[in-house]
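Peer 1: My structure is below; once you've seen it, I'll send some questions.
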Amino acid sequence: MNIAIIGGGIGGLTTAIALRQHDINADVYEQAAQWKPLGAGLVLSPNAMQVLARLRVADAIQQSGHPLERMQILDHSGRLLQSADVQQFARKFGVGTIAIHRARLHKALLQAIPTERVHLRKRCANLSSSASSANLEFGDGSSLSADLIIAADGLNSAARKWMHPSLQPRYSGQSSYRAVVKFDLPPDLRRTSQEHWAPRCRFGFAPIQEKEVYCYITFDALAGEQDTPTQAKERLTAIAQKFSSPVPELAANIAYGEIVRTDISDYAPFAPWHRDRIVLLGDAAHPATPNYGQGAAQAIEDAYFLARQIDRSSDVESALSNFEQLRRAKTTMINKRAWTLGKVAHMANPVARWMRNLAIAATPQSFSNRELKRLFTLQF
């Protein structure tokens with residue numbers, strides 16, 4: 001088959017790798033003029049790492065990242081509300097939880113694809129499709145026809161806009177700062193990710209290499225606000241003072257100009273994800289707020305399962321229908337839970353926060369473990 005992938009991010013590259021495993025070549029078309037070490041950090045949970053192990057790139061990613069043993073939620077005073085021992089899932093699934101710089105993950109995926117299959121400066125300008133072929137026009141005036149176009153072009157997907165022109169993003173009411181900081185965490189936190197909750201804001205962090213920590217802070221804000229590097233640093237530092245150690249120390253070490261601001265939005269679940277010979281994947285198909293930590297993982301799951309369906313199905317329509325049918329339930333669940341979690345974490349009313357904390361602390365560990373096991377178990 002002649003397959004074109006729109007977007008050279010995590011979902012697009014993983015799809016190309018998965019297709020190659022089935023001896024299906026695909027070309028990746030990325031709008032950027034060159035690869036730059038963009039972004040901050042992310043956590044790859046065991047469901048993502050299982051797929052990456054099947055694609056034989058997990059070892060390279062583990063070497064570039066940092067293993068986590070615990071994931072914790074605390075209130076702003078430092079009181080532990082919930083702790084998950086993720087080592088047990090490493091033993092169960094054979095792969096661990098890895099925190100990694102997004103740029104290092106991207107590099108590891110890119111190295112698994114022949115350079116001639118990746119094309120830069122190719123912005124998707126227009127799409128069309130029929131029952132037998134799909135057409136893609138680029139911003140530079142060039143175009144192509146393909147048997148299948150896979151759109152892995154993220155939250156602001158041009159393919160989604162073409163397929164569902166009336167859909168609009170849903171702003172969460174929260175914005176975020178993200179950064180990577182050089183910092184030596186205390187020994188007991190060097191394999192731990194934490195998220196600290198305060199009224200109308202959160203601060204989270206995860207070590208992504210020795211003495212290197214990915215940090216993020218979310219806060220209630222109007223959509224579209226902008227600030228200078230100095231304003232971002234001052235605001236981040238001020239919010240961090242609401243929390244217990246090591247949050248203020250981490251914030252103090254974040255350099256001016258290294259802070260990335262992003263408003264947090266998603267799309268309510270929609271259908272379909274495909275039309276004729278064009279299919280959406282990852283955040284283009286089921287964007288969720290990052291509160292559940294599953295954005296990259298779900299794109300990786302999509303990539304593997306879609307490639308398998310393309311290889312096994314008798315025709316393209318069956319492959320795309322099977323892909324969407326199986327993946328929809330899990331991604332819809334994550335979308336809804338992530339949205340709710342963002343609201344719950346930012347509660348401002350003191351009585352509501354007291355009741356929330358009491359409920360979280362009273363949740364049996366066995367229940368939390370069952371929920372994580374369900375999330376980390378692959379359906380294929």
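Labels used: A, B, ... for chains in the order of the structure tokens, numbers from 1 for residues in each chain, and numbers from 1 for ligands as shown.
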DSSP on the backbone: what in segment 117-296 of chain A comes out helix (DSSP H, G or I), as a ChimeraX atom specification?
Peer 2: /A:117,158-163,187-189,229-240,247-253,282-284,290-292,295-296
Peer 1: Just the strand (DSSP E or B) stuff from segment 39-205 of chain A, please, per backbone DSSP, written as a PyMOL selection string.
Peer 2: chain A and resi 41-44+66-68+70-75+80-85+97-101+118-119+124-129+134-138+143-146+148-151+170-182+192-198+201-205
Peer 1: Can you list, as a PyMOL selection string, every protein, DNA or RNA residue that comes within 7 Å of segment 325-339 of chain A when you count only C-alpha atoms, leaving out same-chain residues fewer than 6 positions away?
Peer 2: chain A and resi 269+286+288-292
Peer 1: Dump C-alpha atoms for the selected residues as a PDB file, in the first residue's frame?
Peer 2:
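The file below, selection13.pdb, is the result:
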ATOM      1  CA  PRO A 269     -15.581  12.681  22.141  1.00  0.00           C
ATOM      2  CA  HIS A 286      -9.386  11.654  20.717  1.00  0.00           C
ATOM      3  CA  ALA A 288      -7.782  14.658  26.117  1.00  0.00           C
ATOM      4  CA  THR A 289      -6.441  17.011  28.750  1.00  0.00           C
ATOM      5  CA  PRO A 290      -3.079  15.803  30.117  1.00  0.00           C
ATOM      6  CA  ASN A 291      -4.436  15.168  33.604  1.00  0.00           C
ATOM      7  CA  TYR A 292      -4.509  11.388  33.144  1.00  0.00           C
TER       8      TYR A 292
END
Peer 1: If we count only C-alpha atoms, what is near segment 16-31 of chain A at a cut-off of 7 Å, once residues fewer than 5 positions away on the same chain are taken out, given as a VMD selection string?
Peer 2: chain A and resid 1 to 8 55 112 to 113 117 to 123 303 to 304 307 311
Peer 1: Let's have the selection written as a compact mmCIF listing (two decimals), in the first residue's frame, with C-alpha atoms.
Peer 2:
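After the write, out-v9.txt holds the following:
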# COMPACT_ATOMS: atom_id res chain seq x y z
CA MET A 1 0.00 0.00 0.00
CA ASN A 2 0.95 3.60 -0.56
CA ILE A 3 0.44 5.23 2.86
CA ALA A 4 1.04 8.86 3.84
CA ILE A 5 1.24 9.94 7.49
CA ILE A 6 0.53 13.56 8.35
CA GLY A 7 2.59 14.65 11.36
CA GLY A 8 6.04 13.65 12.57
CA LEU A 55 8.23 -2.52 18.16
CA ALA A 112 13.99 3.65 13.80
CA ILE A 113 12.73 5.04 10.47
CA ARG A 117 10.77 8.14 4.52
CA VAL A 118 10.52 11.39 6.52
CA HIS A 119 9.82 14.68 4.73
CA LEU A 120 10.06 18.13 6.33
CA ARG A 121 8.46 21.43 5.33
CA LYS A 122 5.26 19.62 4.37
CA ARG A 123 2.30 21.42 5.93
CA ALA A 303 -0.33 3.32 16.05
CA TYR A 304 0.29 -0.32 16.87
CA ALA A 307 -0.94 -1.02 11.70
CA ASP A 311 -2.01 -5.80 7.80
Peer 1: Find the spatial neighbours of segment 220-235 of chain A, counting only C-alpha atoms, within a cut-off of 8 Å - ignore same-chain residues fewer than 5 positions away - and output them as JSON, numbers by chain.
Peer 2: {"A": [171, 173, 174, 175, 177, 200, 201, 254, 255, 256, 257, 258, 259, 263, 346]}
Peer 1: Here is a test: counting only C-alpha atoms, which residue of A:Asp59, A:Asp302, A:Asp266, A:Asp315 is nearest to Ser172 of chain A?
Peer 2: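 Result for the nearest residue to Ser172 of chain A: A:Asp266.
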Peer 1: Neighbours of Leu281 of chain A within 8 Å (only C-alpha atoms; same-chain residues fewer than 2 positions away dropped), as an NGL selection string?
Peer 2: :A and (11 or 150-152 or 273 or 279 or 283-286 or 299 or 302-303)
Peer 1: Store the residues picked out above in a file with N, CA and C atoms, as a PDB file, in the first residue's frame.
Peer 2:
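out.pdb was written with the following content:
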ATOM      1  N   GLY A  11       2.891  10.051  17.671  1.00  0.00           N
ATOM      2  CA  GLY A  11       1.931   9.161  17.023  1.00  0.00           C
ATOM      3  C   GLY A  11       2.303   8.837  15.591  1.00  0.00           C
ATOM      4  N   ILE A 150      -3.036   8.720   6.979  1.00  0.00           N
ATOM      5  CA  ILE A 150      -3.191   8.633   8.428  1.00  0.00           C
ATOM      6  C   ILE A 150      -2.825   9.994   9.002  1.00  0.00           C
ATOM      7  N   ALA A 151      -3.787  10.653   9.624  1.00  0.00           N
ATOM      8  CA  ALA A 151      -3.567  11.996  10.162  1.00  0.00           C
ATOM      9  C   ALA A 151      -3.231  11.920  11.643  1.00  0.00           C
ATOM     10  N   ALA A 152      -1.958  12.124  11.952  1.00  0.00           N
ATOM     11  CA  ALA A 152      -1.488  12.157  13.333  1.00  0.00           C
ATOM     12  C   ALA A 152      -0.983  13.565  13.621  1.00  0.00           C
ATOM     13  N   TRP A 273     -13.934   8.705  13.211  1.00  0.00           N
ATOM     14  CA  TRP A 273     -12.524   9.071  13.102  1.00  0.00           C
ATOM     15  C   TRP A 273     -12.014   8.888  11.678  1.00  0.00           C
ATOM     16  N   VAL A 279      -7.896   8.646   7.930  1.00  0.00           N
ATOM     17  CA  VAL A 279      -8.210   8.276   9.303  1.00  0.00           C
ATOM     18  C   VAL A 279      -7.412   9.141  10.268  1.00  0.00           C
ATOM     19  N   ASP A 283      -4.057  12.398  19.207  1.00  0.00           N
ATOM     20  CA  ASP A 283      -4.773  13.607  19.596  1.00  0.00           C
ATOM     21  C   ASP A 283      -5.664  14.156  18.490  1.00  0.00           C
ATOM     22  N   ALA A 284      -5.418  13.802  17.256  1.00  0.00           N
ATOM     23  CA  ALA A 284      -6.316  14.219  16.182  1.00  0.00           C
ATOM     24  C   ALA A 284      -7.675  13.542  16.320  1.00  0.00           C
ATOM     25  N   ALA A 285      -7.695  12.319  16.843  1.00  0.00           N
ATOM     26  CA  ALA A 285      -8.930  11.537  16.950  1.00  0.00           C
ATOM     27  C   ALA A 285      -9.597  11.652  18.311  1.00  0.00           C
ATOM     28  N   HIS A 286      -8.809  11.686  19.365  1.00  0.00           N
ATOM     29  CA  HIS A 286      -9.386  11.654  20.717  1.00  0.00           C
ATOM     30  C   HIS A 286      -8.540  12.493  21.684  1.00  0.00           C
ATOM     31  N   ALA A 299      -1.727   7.512  21.784  1.00  0.00           N
ATOM     32  CA  ALA A 299      -1.277   7.609  20.394  1.00  0.00           C
ATOM     33  C   ALA A 299      -0.430   6.402  20.017  1.00  0.00           C
ATOM     34  N   ASP A 302      -2.730   3.476  19.551  1.00  0.00           N
ATOM     35  CA  ASP A 302      -3.393   3.638  18.252  1.00  0.00           C
ATOM     36  C   ASP A 302      -2.505   3.148  17.116  1.00  0.00           C
ATOM     37  N   ALA A 303      -1.258   3.612  17.144  1.00  0.00           N
ATOM     38  CA  ALA A 303      -0.327   3.320  16.049  1.00  0.00           C
ATOM     39  C   ALA A 303      -0.161   1.821  15.857  1.00  0.00           C
TER      40      ALA A 303
END
Peer 1: Which is closer to Leu320 of chain A than all the others in A:Leu375, A:Ala206, A:Ala362, A:Ile149, using only C-alpha atoms?
Peer 2: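 The shortest atom-to-atom distance to Leu320 of chain A comes from A:Ile149.
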Peer 1: Residues at most 7 Å from Ala103 of chain A, counting only C-alpha atoms, excluding those fewer than 2 positions away in the same chain, as number ranges by chain?
Peer 2: A: 37-39, 101, 105-107
Peer 1: I need the residue nearest Ala158 of chain A from this list: A:Phe203, A:Asp184, A:Ser176, A:Ile278. Use only C-alpha atoms for the distance.
Peer 2: A:Ile278
Peer 1: Quick one: pull the distance between atom CA of Leu110 of chain A and atom CA of Met49 of chain A, Å, one decimal.
Peer 2: 16.5 Å
Peer 1: Using Å and a single decimal, report how far atom CA of Ala134 of chain A sits from atom CA of Glu317 of chain A.
Peer 2: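 Atom CA of Ala134 of chain A lies at a distance of 12.9 Å from atom CA of Glu317 of chain A.
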Peer 1: Would you mind telling me which residue in A:Ala296, A:Leu167, A:Leu250, A:Leu136 lies nearest to Leu44 of chain A when using only C-alpha atoms?
Peer 2: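 So, comparing all the options, the nearest one is A:Ala296.
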